[in-house]
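**Q** Below you will find the structure I want to go over with you.
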Amino acid sequence: MKYNENAKENLNILAKGAFITSQYAGQTNVMTIGWGAIGNIWAKPVFIAMVRKSRFTHDLLDKSNEFTITIPHEDMGEALALCGSKSGRTIDKIDALGLKTAESEKINTPRLDCKGTHYECMVLYKTDMKPAALDEITKERWYSDDDYHTIYFAEIVNTMEK
């Protein structure tokens, strides 16, 4: 089956870069993600996010069990680059970039206040990757440092376009 251009665009929307925002105990962090999926699991709309255990976002997600996703509709290349290369443990990326946040409607974690598609997500299930279950080519290419992802399956409890 050959995909048409619209189908390809939909499949690659996260590859252009999106933001995941997490918050716990007054600490808010934003991180760039390029891997994830949107689907229907357990009769619910679900966002699947992959976050490496070494990331500050991982710590916040494990404590809060919620996050927002922002898929920007405008050029945010500088923000995507910084949020994908700096740690929230050492820099307040939101402040450093002059980004604004807005309250979410159904969860405590804010969303980025920018033009885009925004998903408010509550974790339903999470699992750590099992290296023995991963094919060798993928393991060698993406996990040579043994920094595996936790995979979060989260119900999309609210969606908005701004």
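Letters A, B, ... mark the chains of the structure tokens in the order given; residue numbers begin at 1 per chain; ligand numbers begin at 1, in order shown.
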Can you list every residue of region 14-37 of chain A that has an atom at most 10 Å from region 77-88 of chain A, with its nearest atom pair and the distance in Å to one decimal, using only C-alpha atoms, ordered by chain then number, as JSON lines?
**A**
```
{"residue": "A:Lys16", "atom": "CA", "partner": "A:Gly77", "partner_atom": "CA", "distance": 9.3}
{"residue": "A:Gly17", "atom": "CA", "partner": "A:Leu80", "partner_atom": "CA", "distance": 6.6}
{"residue": "A:Ala18", "atom": "CA", "partner": "A:Leu80", "partner_atom": "CA", "distance": 7.4}
{"residue": "A:Phe19", "atom": "CA", "partner": "A:Leu80", "partner_atom": "CA", "distance": 7.4}
{"residue": "A:Ile20", "atom": "CA", "partner": "A:Cys83", "partner_atom": "CA", "distance": 9.6}
{"residue": "A:Gln27", "atom": "CA", "partner": "A:Gly88", "partner_atom": "CA", "distance": 9.3}
{"residue": "A:Thr28", "atom": "CA", "partner": "A:Gly88", "partner_atom": "CA", "distance": 8.4}
{"residue": "A:Asn29", "atom": "CA", "partner": "A:Gly88", "partner_atom": "CA", "distance": 5.8}
{"residue": "A:Val30", "atom": "CA", "partner": "A:Cys83", "partner_atom": "CA", "distance": 6.5}
{"residue": "A:Met31", "atom": "CA", "partner": "A:Cys83", "partner_atom": "CA", "distance": 4.9}
{"residue": "A:Thr32", "atom": "CA", "partner": "A:Gly84", "partner_atom": "CA", "distance": 4.7}
{"residue": "A:Ile33", "atom": "CA", "partner": "A:Gly84", "partner_atom": "CA", "distance": 7.4}
{"residue": "A:Gly34", "atom": "CA", "partner": "A:Gly84", "partner_atom": "CA", "distance": 9.5}
```
**Q** Taking N, CA, C and O atoms for each residue, export the selection above as an mmCIF file, in the first residue's frame.
**A**
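Result file is selection_26.cif:
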```cif
data_model
loop_
_atom_site.group_PDB
_atom_site.id
_atom_site.type_symbol
_atom_site.label_atom_id
_atom_site.label_comp_id
_atom_site.auth_asym_id
_atom_site.auth_seq_id
_atom_site.Cartn_x
_atom_site.Cartn_y
_atom_site.Cartn_z
ATOM 1 N N LYS A 16 8.929 16.457 13.267
ATOM 2 C CA LYS A 16 9.292 17.872 13.128
ATOM 3 C C LYS A 16 9.598 18.486 14.497
ATOM 4 O O LYS A 16 10.163 19.559 14.576
ATOM 5 N N GLY A 17 9.192 17.822 15.545
ATOM 6 C CA GLY A 17 9.440 18.301 16.893
ATOM 7 C C GLY A 17 8.178 18.756 17.583
ATOM 8 O O GLY A 17 7.352 19.447 17.011
ATOM 9 N N ALA A 18 8.044 18.334 18.792
ATOM 10 C CA ALA A 18 6.929 18.724 19.646
ATOM 11 C C ALA A 18 7.501 18.904 21.047
ATOM 12 O O ALA A 18 8.666 18.572 21.307
ATOM 13 N N PHE A 19 6.688 19.434 21.920
ATOM 14 C CA PHE A 19 7.113 19.669 23.296
ATOM 15 C C PHE A 19 6.275 18.820 24.244
ATOM 16 O O PHE A 19 5.072 18.696 24.059
ATOM 17 N N ILE A 20 6.926 18.285 25.253
ATOM 18 C CA ILE A 20 6.225 17.649 26.358
ATOM 19 C C ILE A 20 6.517 18.502 27.588
ATOM 20 O O ILE A 20 7.661 18.857 27.846
ATOM 21 N N GLN A 27 7.769 22.599 40.211
ATOM 22 C CA GLN A 27 8.806 22.557 39.177
ATOM 23 C C GLN A 27 8.158 22.219 37.846
ATOM 24 O O GLN A 27 7.476 21.194 37.729
ATOM 25 N N THR A 28 8.369 23.078 36.857
ATOM 26 C CA THR A 28 7.827 22.855 35.517
ATOM 27 C C THR A 28 8.986 22.722 34.552
ATOM 28 O O THR A 28 9.954 23.492 34.624
ATOM 29 N N ASN A 29 8.908 21.757 33.666
ATOM 30 C CA ASN A 29 9.961 21.533 32.674
ATOM 31 C C ASN A 29 9.326 21.257 31.321
ATOM 32 O O ASN A 29 8.257 20.664 31.221
ATOM 33 N N VAL A 30 10.009 21.695 30.287
ATOM 34 C CA VAL A 30 9.583 21.413 28.922
ATOM 35 C C VAL A 30 10.745 20.741 28.202
ATOM 36 O O VAL A 30 11.900 21.107 28.403
ATOM 37 N N MET A 31 10.430 19.734 27.410
ATOM 38 C CA MET A 31 11.428 18.959 26.692
ATOM 39 C C MET A 31 10.944 18.714 25.273
ATOM 40 O O MET A 31 9.737 18.569 25.038
ATOM 41 N N THR A 32 11.853 18.651 24.336
ATOM 42 C CA THR A 32 11.516 18.314 22.958
ATOM 43 C C THR A 32 11.342 16.811 22.827
ATOM 44 O O THR A 32 12.116 16.040 23.403
ATOM 45 N N ILE A 33 10.309 16.406 22.089
ATOM 46 C CA ILE A 33 10.159 14.996 21.742
ATOM 47 C C ILE A 33 9.970 14.888 20.231
ATOM 48 O O ILE A 33 9.418 15.775 19.593
ATOM 49 N N GLY A 34 10.444 13.805 19.693
ATOM 50 C CA GLY A 34 10.250 13.529 18.276
ATOM 51 C C GLY A 34 9.668 12.140 18.070
ATOM 52 O O GLY A 34 9.304 11.763 16.967
#
```
**Q** Run DSSP on the backbone and tell me which residues of chain A come out as alpha helix (DSSP H); list them as a PyMOL selection string.
**A** chain A and resi 5-11+56-64+77-83+93-97+136-142
**Q** Sort by chain and increasing residue number a table of all residues of region 88-130 of chain A within 10 Å of region 46-60 of chain A, each with its closest pair of atoms and their distance in Å to one decimal, counting only C-alpha atoms, and write it as CSV.
**A**
```
residue,atom,partner,partner_atom,distance
A:Gly88,CA,A:Phe56,CA,5.9
A:Arg89,CA,A:Phe56,CA,6.1
A:Thr90,CA,A:Phe56,CA,9.5
A:Tyr119,CA,A:Phe47,CA,8.3
A:Glu120,CA,A:Phe47,CA,9.4
A:Cys121,CA,A:Phe47,CA,7.2
A:Met122,CA,A:Val46,CA,9.1
A:Val123,CA,A:Phe47,CA,9.1
A:Leu124,CA,A:Val46,CA,8.9
A:Tyr125,CA,A:Ile48,CA,9.8
A:Lys126,CA,A:Ile48,CA,9.4
A:Thr127,CA,A:Met50,CA,9.8
A:Asp128,CA,A:Lys53,CA,8.8
A:Met129,CA,A:Met50,CA,9.6
```
**Q** Choose the residue, out of A:Ile91, A:Ala25, A:Ile13, A:Ala132, that has the smallest atom-to-atom separation from Thr117 (chain A); count only C-alpha atoms.
**A**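 Among the listed residues, A:Ile13 lies closest to Thr117 (chain A).
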**Q** What is the distance, in Å and to one decimal place, between CA of Asp62 (chain A) and CA of Thr109 (chain A)?
**A**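 Spanning CA of Asp62 (chain A) to CA of Thr109 (chain A) is a straight-line distance of 13.2 Å.
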**Q** So which bits of chain A end up strand (DSSP E or B) when you DSSP the backbone, as a ChimeraX atom specification?
**A** /A:18-24,27-33,36-41,44-52,66-72,101-102,111-112,116-128,149-161
**Q** Which residue is closest to Met76 (chain A)? Choose from A:Leu14, A:Leu97, A:Glu103, A:Val157 and count only C-alpha atoms.
**A**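 Comparing A:Leu14, A:Leu97, A:Glu103, A:Val157 against Met76 (chain A), the winner is A:Leu97.
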**Q** Counting only C-alpha atoms, figure out which residue out of A:Ile137, A:Asp75, A:Lys44, A:Asp113 gets nearest to Ile94 (chain A).
**A**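 Closest to Ile94 (chain A), using only C-alpha atoms: A:Asp113.
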**Q** In Å, how far is it from CA of Ala37 (chain A) to CA of Thr150 (chain A)?
**A**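 Atom-to-atom, CA of Ala37 (chain A) and CA of Thr150 (chain A) are spaced 14.0 Å apart.
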